[in-house]
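Novice: Structure supplied as protein-v2.txt; contents: compact mmCIF, C-alpha atoms and all ligand atoms.
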```
# COMPACT_ATOMS: atom_id res chain seq x y z
CA MET A 9 93.17 86.89 81.31
CA ALA A 10 93.89 88.97 84.33
CA VAL A 11 92.36 92.34 84.87
CA TYR A 12 93.69 95.08 86.99
CA SER A 13 90.27 96.21 87.76
CA PRO A 14 89.83 99.91 87.53
CA THR A 15 89.68 102.07 90.59
CA PHE A 16 86.65 104.19 90.95
CA GLN A 17 85.59 107.25 92.74
CA LEU A 18 82.15 107.94 93.97
CA GLN A 19 80.21 110.34 91.89
CA ASN A 20 79.03 113.43 93.69
CA HIS A 21 75.39 112.75 92.97
CA SER A 22 75.55 109.53 94.92
CA LEU A 23 75.98 111.71 97.98
CA MET A 24 72.33 112.45 97.81
CA LEU A 25 71.75 109.00 99.14
CA LEU A 26 74.07 109.46 102.05
CA PRO A 27 73.56 111.04 105.44
CA LYS A 28 74.45 114.68 105.04
CA SER A 29 76.86 114.69 107.92
CA SER A 30 78.94 111.99 106.26
CA CYS A 31 79.58 114.04 103.19
CA HIS A 32 81.64 116.85 104.62
CA PHE A 33 84.62 114.97 105.90
CA ARG A 34 87.66 114.06 103.92
CA TYR A 35 88.86 111.70 106.60
CA PRO A 36 86.21 111.76 109.27
CA SER A 37 87.85 111.58 112.64
CA ARG A 38 85.09 109.32 113.89
CA ILE A 39 86.53 106.59 111.72
CA LEU A 40 89.77 106.72 113.61
CA ALA A 41 87.97 106.36 116.86
CA SER A 42 85.54 103.72 115.91
CA SER A 43 86.79 101.90 112.91
CA ALA A 44 86.09 98.39 113.92
CA VAL A 45 86.46 95.68 116.38
CA ALA A 46 88.11 95.96 119.72
CA LEU A 47 89.05 94.02 122.77
CA GLU A 48 86.45 92.89 125.16
CA THR A 49 87.17 94.59 128.42
CA PRO A 50 88.95 92.00 130.47
CA GLU A 51 87.83 91.80 134.04
CA SER A 52 91.25 92.84 135.24
CA SER A 53 91.47 95.79 132.89
CA SER A 54 91.13 99.35 134.05
CA VAL A 55 89.37 100.24 130.80
CA LYS A 56 85.71 100.80 131.54
CA PRO A 57 83.18 99.10 129.30
CA ALA A 58 81.54 101.67 127.12
CA VAL A 59 78.57 101.65 124.82
CA GLN A 60 79.40 103.52 121.68
CA MET A 61 78.58 103.77 118.03
CA ASP A 62 80.92 102.40 115.43
CA VAL A 63 81.51 102.54 111.73
CA LEU A 64 80.29 98.96 111.89
CA ALA A 65 76.66 98.48 110.93
CA CYS A 66 74.12 95.71 111.18
CA PRO A 67 74.19 93.67 107.93
CA ILE A 68 70.40 93.38 108.11
CA CYS A 69 69.27 96.99 108.56
CA TYR A 70 72.56 98.93 108.13
CA LYS A 71 71.93 100.86 111.35
CA PRO A 72 74.99 101.44 113.56
CA LEU A 73 75.86 98.66 115.98
CA THR A 74 76.04 99.40 119.65
CA ARG A 75 79.35 98.38 121.05
CA ARG A 76 80.25 97.36 124.57
CA GLY A 77 83.96 97.46 125.11
CA PRO A 78 86.97 99.73 124.71
CA PRO A 79 87.04 102.07 121.70
CA GLY A 80 89.27 101.73 118.68
CA LEU A 81 90.26 98.90 116.46
CA ASN A 82 92.37 96.89 118.85
CA LEU A 83 94.54 97.67 121.81
CA PRO A 84 98.19 98.10 120.90
CA PHE A 85 100.13 94.88 121.32
CA THR A 86 101.92 96.15 124.39
CA GLN A 87 98.60 96.71 126.11
CA CYS A 88 97.24 93.26 125.35
CA VAL A 89 96.17 91.57 128.47
CA LYS A 90 97.85 88.20 128.04
CA ASN A 91 99.03 87.81 124.49
CA PHE A 92 98.01 88.45 120.91
CA ARG A 93 95.09 86.05 121.19
CA GLU A 94 93.60 88.12 123.95
CA ALA A 95 93.81 91.22 121.82
CA ILE A 96 91.20 90.08 119.41
CA TYR A 97 87.60 91.11 119.17
CA ARG A 98 86.10 90.66 122.57
CA SER A 99 83.75 93.63 122.38
CA GLY A 100 80.07 92.90 122.29
CA PHE A 101 78.14 94.28 119.33
CA LYS A 102 74.40 94.54 119.06
CA CYS A 103 71.83 95.96 116.68
CA GLU A 104 69.18 97.60 118.83
CA THR A 105 66.77 97.77 115.87
CA CYS A 106 66.95 94.09 114.95
CA ASN A 107 67.66 93.05 118.53
CA LYS A 108 70.48 90.85 117.26
CA ALA A 109 73.83 90.32 118.92
CA TYR A 110 76.96 89.70 116.86
CA SER A 111 79.56 87.50 118.41
CA SER A 112 83.28 87.39 117.95
CA LYS A 113 85.10 84.12 117.40
CA ASN A 114 88.31 85.13 119.15
CA MET A 115 90.09 85.75 115.87
CA TYR A 116 87.39 87.53 113.92
CA LEU A 117 84.11 89.28 114.42
CA ASP A 118 81.24 87.54 112.63
CA LEU A 119 78.99 90.12 110.97
CA THR A 120 77.15 87.87 108.56
CA VAL A 121 73.36 87.81 108.56
CA THR A 122 73.55 84.15 109.61
CA SER A 123 75.81 84.90 112.58
CA GLY A 124 74.52 83.13 115.67
CA MET A 125 71.88 81.10 113.81
CA GLU A 126 71.53 77.58 115.16
CA GLU A 127 69.18 75.79 112.76
CA TYR A 128 69.42 77.56 109.43
CA ALA A 129 72.41 76.79 107.20
CA GLU A 130 73.02 78.22 103.77
CA THR A 131 75.18 77.00 100.91
CA LYS A 132 76.60 79.70 98.68
CA PRO A 133 77.72 79.29 95.03
CA PRO A 134 81.01 77.43 94.34
CA GLY A 135 83.10 80.64 94.06
CA THR A 136 82.29 81.30 97.70
CA GLU A 137 82.10 77.76 99.12
CA LEU A 138 85.42 76.57 97.63
CA PHE A 139 87.37 79.05 99.73
CA ARG A 140 85.66 78.04 102.95
CA SER A 141 87.48 74.72 102.82
CA PRO A 142 90.31 74.39 105.38
CA ILE A 143 92.64 72.80 102.84
CA VAL A 144 92.08 75.46 100.16
CA SER A 145 92.52 78.19 102.77
CA PHE A 146 95.75 76.58 103.94
CA LEU A 147 97.16 76.15 100.43
CA TYR A 148 96.01 79.48 99.08
CA GLU A 149 98.99 81.61 100.04
CA ARG A 150 101.33 78.63 100.03
CA GLY A 151 101.26 78.10 96.27
CA TRP A 152 97.70 78.39 94.89
CA ARG A 153 97.90 82.16 94.46
CA GLN A 154 101.21 81.97 92.57
CA ASN A 155 99.41 80.23 89.69
CA PHE A 156 97.59 83.49 88.97
CA ASN A 157 100.83 84.74 87.40
CA GLN A 158 100.15 82.45 84.44
CA SER A 159 97.05 84.51 83.67
CA GLY A 160 98.88 87.82 83.81
CA PHE A 161 98.70 88.73 87.50
CA PRO A 162 102.03 90.49 88.15
CA GLY A 163 102.37 89.00 91.66
CA PRO A 164 101.49 90.28 95.14
CA GLU A 165 104.31 92.81 95.48
CA ALA A 166 103.63 94.49 92.12
CA GLU A 167 99.86 94.33 92.64
CA PHE A 168 100.24 95.91 96.07
CA LYS A 169 102.35 98.74 94.64
CA MET A 170 99.79 99.40 91.90
CA ALA A 171 96.99 99.50 94.45
CA GLN A 172 98.94 101.84 96.73
CA GLU A 173 99.39 104.25 93.82
CA TYR A 174 95.66 104.34 93.25
CA PHE A 175 94.94 104.73 96.97
CA ARG A 176 97.12 107.83 97.42
CA SER A 177 94.12 110.11 97.95
CA ALA A 178 92.76 107.76 100.63
CA GLU A 179 95.92 107.67 102.76
CA GLY A 180 95.25 108.28 106.42
CA GLY A 181 91.76 106.85 106.14
CA LEU A 182 90.06 103.54 106.76
CA LEU A 183 90.73 100.79 104.21
CA VAL A 184 88.58 97.69 103.90
CA ASP A 185 90.17 94.72 102.10
CA VAL A 186 87.05 92.94 100.88
CA SER A 187 87.47 89.22 100.17
CA CYS A 188 90.91 89.39 101.71
CA GLY A 189 91.46 85.63 101.69
CA SER A 190 94.33 84.88 104.06
CA GLY A 191 95.16 88.58 104.24
CA LEU A 192 97.94 88.68 101.67
CA PHE A 193 97.21 92.34 100.90
CA SER A 194 95.54 93.34 104.19
CA ARG A 195 98.82 92.69 105.98
CA LYS A 196 100.76 94.72 103.43
CA PHE A 197 98.30 97.62 103.72
CA ALA A 198 98.52 97.53 107.51
CA LYS A 199 102.32 97.27 107.47
CA SER A 200 102.59 100.23 105.10
CA GLY A 201 101.31 102.52 107.84
CA ALA A 202 99.46 104.51 105.17
CA TYR A 203 96.01 103.98 106.71
CA SER A 204 94.51 104.74 110.08
CA ALA A 205 93.06 101.24 110.13
CA VAL A 206 92.66 98.22 107.89
CA ILE A 207 89.77 95.78 108.05
CA ALA A 208 90.42 92.39 106.49
CA LEU A 209 87.02 91.02 105.49
CA ASP A 210 86.09 87.66 104.03
CA PHE A 211 83.20 85.22 104.05
CA SER A 212 85.48 82.25 104.69
CA GLU A 213 86.04 81.41 108.34
CA ASN A 214 89.11 79.37 107.40
CA MET A 215 90.67 82.13 105.32
CA LEU A 216 90.29 84.45 108.32
CA ARG A 217 91.89 81.84 110.58
CA GLN A 218 94.82 81.63 108.15
CA CYS A 219 95.05 85.41 108.15
CA TYR A 220 95.20 85.37 111.94
CA GLU A 221 97.98 82.74 111.84
CA PHE A 222 100.02 84.76 109.35
CA ILE A 223 99.70 87.91 111.47
CA LYS A 224 100.77 85.97 114.54
CA MET A 225 103.79 84.51 112.72
CA GLU A 226 104.87 87.65 110.90
CA ASP A 227 104.10 90.60 113.13
CA PRO A 228 101.64 90.38 116.04
CA THR A 229 101.90 94.15 116.52
CA LEU A 230 99.85 94.49 113.34
CA SER A 231 96.81 93.49 115.38
CA SER A 232 96.49 97.03 116.68
CA LYS A 233 95.83 98.32 113.15
CA LEU A 234 94.19 95.34 111.54
CA ALA A 235 90.84 93.77 112.35
CA LEU A 236 89.37 90.59 110.92
CA VAL A 237 85.69 90.61 110.06
CA ARG A 238 83.58 87.85 108.56
CA ALA A 239 80.97 89.24 106.19
CA ASP A 240 79.29 88.70 102.85
CA VAL A 241 80.29 91.22 100.20
CA SER A 242 76.59 91.50 99.30
CA ARG A 243 75.74 92.78 102.83
CA LEU A 244 78.71 94.82 103.95
CA PRO A 245 78.45 95.63 107.66
CA PHE A 246 79.45 99.30 107.45
CA LEU A 247 77.58 102.56 107.63
CA SER A 248 76.97 104.28 104.31
CA ALA A 249 79.76 106.66 103.24
CA SER A 250 82.02 105.59 106.10
CA VAL A 251 85.02 104.02 104.34
CA ASP A 252 87.87 105.76 102.47
CA ALA A 253 89.25 102.89 100.43
CA VAL A 254 88.05 99.45 99.36
CA HIS A 255 90.39 96.85 97.92
CA ALA A 256 89.25 93.57 96.40
CA GLY A 257 92.09 91.44 95.03
CA ALA A 258 91.28 88.59 92.67
CA ALA A 259 87.77 88.45 94.01
CA LEU A 260 85.09 89.82 91.71
CA HIS A 261 84.84 86.55 89.78
CA CYS A 262 84.16 84.67 93.03
CA TRP A 263 81.24 86.79 94.17
CA PRO A 264 77.73 85.35 93.87
CA SER A 265 76.46 88.64 92.46
CA ALA A 266 79.03 91.11 91.18
CA SER A 267 76.33 93.79 90.85
CA ASN A 268 75.17 93.45 94.47
CA ALA A 269 78.79 93.54 95.60
CA ILE A 270 79.74 96.65 93.61
CA ALA A 271 76.56 98.37 94.76
CA GLU A 272 77.51 97.61 98.36
CA ILE A 273 81.07 98.83 97.89
CA THR A 274 79.70 102.05 96.40
CA ARG A 275 77.33 102.47 99.33
CA ILE A 276 80.05 102.23 102.00
CA LEU A 277 82.58 104.48 100.22
CA ARG A 278 82.58 108.09 101.26
CA SER A 279 82.47 110.80 98.61
CA GLY A 280 85.80 110.70 96.78
CA GLY A 281 86.59 107.27 98.22
CA VAL A 282 88.51 104.85 96.03
CA PHE A 283 87.83 101.26 95.02
CA VAL A 284 90.64 99.16 93.56
CA GLY A 285 89.91 95.65 92.39
CA THR A 286 91.55 92.94 90.36
CA THR A 287 90.00 89.95 88.68
CA PHE A 288 90.33 87.52 85.78
CA LEU A 289 88.75 88.55 82.51
CA ARG A 290 86.50 86.11 80.68
CA TYR A 291 88.15 87.22 77.46
CA ARG A 292 89.33 90.45 75.90
CA SER A 293 87.79 92.27 72.95
CA SER A 294 90.82 91.08 71.00
CA THR A 295 90.12 87.39 71.78
CA PRO A 296 89.03 85.69 68.53
CA PRO A 297 85.26 84.93 68.66
CA ILE A 298 85.97 81.28 67.91
CA LEU A 299 87.90 80.93 71.20
CA ARG A 300 85.33 82.67 73.40
CA PRO A 301 82.95 79.73 73.95
CA LEU A 302 85.96 77.62 74.96
CA ARG A 303 87.03 80.12 77.60
CA GLU A 304 83.46 80.36 78.84
CA ARG A 305 83.31 76.58 79.22
CA ILE A 306 86.64 76.45 81.07
CA PHE A 307 85.57 79.19 83.46
CA GLN A 308 82.22 77.71 84.42
CA GLY A 309 81.56 78.05 88.12
CA TYR A 310 83.11 81.49 88.33
CA ASN A 311 81.61 84.77 87.28
CA TYR A 312 84.26 86.04 84.87
CA LEU A 313 83.39 89.30 83.18
CA THR A 314 84.72 91.11 80.13
CA GLU A 315 86.46 94.48 80.38
CA GLU A 316 83.34 96.15 79.02
CA GLU A 317 81.13 94.43 81.60
CA VAL A 318 83.38 95.46 84.50
CA LYS A 319 83.32 99.06 83.35
CA ASP A 320 79.57 99.06 82.75
CA LEU A 321 78.91 97.54 86.15
CA CYS A 322 81.01 100.09 87.99
CA LYS A 323 79.57 103.00 86.06
CA SER A 324 76.00 101.85 86.62
CA CYS A 325 76.61 101.73 90.37
CA GLY A 326 77.70 105.39 90.38
CA LEU A 327 81.47 105.06 90.40
CA VAL A 328 83.40 107.60 88.34
CA ASN A 329 86.91 108.16 86.98
CA TYR A 330 87.21 104.54 85.94
CA SER A 331 90.57 103.43 84.71
CA SER A 332 92.03 100.00 84.18
CA LYS A 333 95.18 98.17 83.22
CA VAL A 334 94.98 94.83 81.53
CA GLN A 335 97.67 92.19 81.25
CA GLN A 336 96.56 88.96 79.60
CA SER A 337 93.53 87.99 81.71
CA PHE A 338 94.43 90.25 84.58
CA ILE A 339 92.66 93.56 85.07
CA ILE A 340 93.18 96.14 87.76
CA GLN A 341 90.43 98.67 87.91
CA VAL A 342 90.06 101.90 89.77
C1 LIG B 1 90.74 84.12 95.00
S1 LIG B 1 90.49 84.63 96.67
C2 LIG B 1 91.28 86.24 96.72
C3 LIG B 1 92.06 86.46 97.99
C4 LIG B 1 92.94 87.70 98.01
N1 LIG B 1 92.16 88.90 98.00
C5 LIG B 1 93.95 87.74 96.91
O1 LIG B 1 94.09 88.75 96.23
O2 LIG B 1 94.65 86.75 96.75
C6 LIG B 1 88.79 85.09 96.64
C7 LIG B 1 88.22 85.34 98.02
O3 LIG B 1 86.87 85.79 97.87
C8 LIG B 1 86.16 85.34 99.01
N2 LIG B 1 84.71 85.38 98.76
C9 LIG B 1 84.00 84.58 97.94
N3 LIG B 1 82.70 84.87 98.03
C10 LIG B 1 82.57 85.86 98.95
C11 LIG B 1 81.47 86.57 99.49
N4 LIG B 1 80.23 86.29 99.12
N5 LIG B 1 81.71 87.54 100.40
C12 LIG B 1 82.98 87.82 100.80
N6 LIG B 1 84.05 87.17 100.32
C13 LIG B 1 83.87 86.19 99.41
C14 LIG B 1 86.69 83.94 99.21
O4 LIG B 1 86.45 83.45 100.52
C15 LIG B 1 88.17 84.13 98.92
O5 LIG B 1 88.91 84.35 100.08
```
Any chance you could give the structure as structure tokens?
Ligand SMILES: C[S@@+](CC[C@H](N)C(=O)[O-])C[C@H]1O[C@@H](n2cnc3c(N)ncnc32)[C@H](O)[C@@H]1O
Specialist:
Amino acid sequence: MAVYSPTFQLQNHSLMLLPKSSCHFRYPSRILASSAVALETPESSSVKPAVQMDVLACPICYKPLTRRGPPGLNLPFTQCVKNFREAIYRSGFKCETCNKAYSSKNMYLDLTVTSGMEEYAETKPPGTELFRSPIVSFLYERGWRQNFNQSGFPGPEAEFKMAQEYFRSAEGGLLVDVSCGSGLFSRKFAKSGAYSAVIALDFSENMLRQCYEFIKMEDPTLSSKLALVRADVSRLPFLSASVDAVHAGAALHCWPSASNAIAEITRILRSGGVFVGTTFLRYRSSTPPILRPLRERIFQGYNYLTEEEVKDLCKSCGLVNYSSKVQQSFIIQV
């Protein structure tokens, strides 16, 4: 079953947890200025290195990262020093509290807790590890994703249109495409011009590399509006109440802990911000009980939820105005 996961809005009371200053803005202008990653100042550039605060936060302590480099997401393509490759993520980021530097990998900025670690290596559950494979990342947008149609997913174009409808109130703001994969939707959001900036975020290094390749092939100018960030959905590297819209396509079932992920998404959304997600349903309330164990067996390895569980989870994390559309196993939720 596919679920258009419901979109949600942050409940007012959750503001009590947020810095007061964050709560007043509809589209805080600081987001425009500091939404994400930027170019390292090239030696030949006239842009002076600057230390400034960003919407980006340390994934360990959630304090703002100090940034050394030019402001903004990325320099416009025309201002890139050599070519598109040079336009990507050369700023230096550091958490002064944790005394930890976060490095960029040319194509994406690595804001995982394990970034820069030399000895420690961690293996995540299969729903995360599978997509780190180079072959899966390569095949994903070249056929793999089309199979989702058999479970009721209407297809990228229709899913994008549905999401855009739900995101109307967030237009002009910062959108984070969590678990973006190879950027199928991130690129569409950026191309739409409806947002001041789009951050394509995934845990998979290879998915982010694919995303970079697609941007390069399709429209390198997108790089001025679109930044690639590696992060774990359970430790989102953004300040609380700093993001206008969060999208998560076909992802909830892959996350190691859906509750940690939804809690994090709720934390980073500003008051009135919108979350739109899609996932596969384990089964629907109309699925005959005799078939349910079979579906559960088939879906082992992924964290498929029921409609009721998705709704309960979102509500418990403080999201309001839940609505959803279901088509076979597909659910879109807002
Ligand atoms: C099925 S793909 C969805 C890609 C795309 N959003 C779409 O709609 O086609 C699921 C994605 O979730 C990502 N993912 C899995 N675990 C994650 C985690 N812990 N943090 C962030 N992303 C994760 C995977 O790397 C993969 O790219």
Novice: Within 7 Å of ligand LIG 1 (chain B), counting all atoms listed in the file, which protein or nucleic acid residues do you find, written as an NGL selection string?
Specialist: :A and (135-136 or 139-140 or 153 or 186-193 or 209-212 or 215 or 239-242 or 256-259 or 262-264)
Novice: Write the residues of the selection above to a file with C-alpha atoms, as a short mmCIF file (atom, residue, chain, number, x, y, z; two decimals), in the coordinates of the input.
Specialist:
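Contents of selection-v6.cif, as written:
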```cif
data_model
loop_
_atom_site.label_atom_id
_atom_site.label_comp_id
_atom_site.auth_asym_id
_atom_site.auth_seq_id
_atom_site.Cartn_x
_atom_site.Cartn_y
_atom_site.Cartn_z
CA GLY A 135 83.10 80.64 94.06
CA THR A 136 82.29 81.30 97.70
CA PHE A 139 87.37 79.05 99.73
CA ARG A 140 85.66 78.04 102.95
CA ARG A 153 97.90 82.16 94.46
CA VAL A 186 87.05 92.94 100.88
CA SER A 187 87.47 89.22 100.17
CA CYS A 188 90.91 89.39 101.71
CA GLY A 189 91.46 85.63 101.69
CA SER A 190 94.33 84.88 104.06
CA GLY A 191 95.16 88.58 104.24
CA LEU A 192 97.94 88.68 101.67
CA PHE A 193 97.21 92.34 100.90
CA LEU A 209 87.02 91.02 105.49
CA ASP A 210 86.09 87.66 104.03
CA PHE A 211 83.20 85.22 104.05
CA SER A 212 85.48 82.25 104.69
CA MET A 215 90.67 82.13 105.32
CA ALA A 239 80.97 89.24 106.19
CA ASP A 240 79.29 88.70 102.85
CA VAL A 241 80.29 91.22 100.20
CA SER A 242 76.59 91.50 99.30
CA ALA A 256 89.25 93.57 96.40
CA GLY A 257 92.09 91.44 95.03
CA ALA A 258 91.28 88.59 92.67
CA ALA A 259 87.77 88.45 94.01
CA CYS A 262 84.16 84.67 93.03
CA TRP A 263 81.24 86.79 94.17
CA PRO A 264 77.73 85.35 93.87
#
```
Novice: Nearest residue to Pro72 in chain A out of A:Pro134, A:Gly326, A:Pro245, A:Pro164, using only C-alpha atoms?
Specialist: A:Pro245
Novice: Go through A:Ile143, A:Val284, A:Met125, A:Leu236 and flag the residue nearest Met170 in chain A, using all atoms listed in the file for the distances.
Specialist: A:Val284
Novice: Quick one: everything within 9 Å of Glu167 in chain A, counting only C-alpha atoms, minus sequence neighbours fewer than 2 positions away in the same chain. Send it as JSON, numbers by chain.
Specialist: {"A": [12, 161, 162, 163, 164, 165, 169, 170, 171, 172, 193, 257, 286, 340]}
Novice: List as a PyMOL selection string: which residues have an atom within 9 Å of (74.2, 102.0, 116.2), counting all atoms listed in the file?
Specialist: chain A and resi 60-66+70-75+102-105
Novice: I need the residue nearest Asn268 in chain A from this list: A:Tyr128, A:Leu313, A:Ser324, A:Lys233. Use only C-alpha atoms for the distance.
Specialist: A:Ser324
Novice: Which residue gives the smallest distance to Cys322 in chain A among A:Val282, A:Ala166, A:Ala205, A:Leu138, with all atoms listed in the file counted?
Specialist: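 Using all atoms listed in the file, Cys322 in chain A sits closest to A:Val282.
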Novice: Tell me which of A:Cys325, A:Ser204, A:Lys319, A:Ser265 sits closest to Lys132 in chain A, counting only C-alpha atoms.
Specialist: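 When distances to Lys132 in chain A are compared using only C-alpha atoms, the smallest one comes from A:Ser265.
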Novice: If you count all atoms listed in the file, which residues fall within 12 Å of Glu226 in chain A, apart from same-chain ones fewer than 5 positions away, as a list in words?
Specialist: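 After dropping sequence-adjacent residues, the list is Gly191, Leu192, Arg195, Lys196, Lys199, Cys219, Tyr220, Glu221 and Ser231 of chain A.
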Novice: Listing only residues of range 237-281 of chain A within 8 Å of range 178-184 of chain A, what is the closest atom pair and its distance in Å (to one decimal) for each, using only C-alpha atoms, sorted by chain and residue number ascending, as a tab-separated table?
Specialist:
```
residue	atom	partner	partner_atom	distance
A:Val251	CA	A:Leu182	CA	5.6
A:Asp252	CA	A:Leu182	CA	5.3
A:Ala253	CA	A:Leu183	CA	4.6
A:Val254	CA	A:Val184	CA	4.9
A:His255	CA	A:Val184	CA	6.3
A:Gly281	CA	A:Ala178	CA	6.6
```
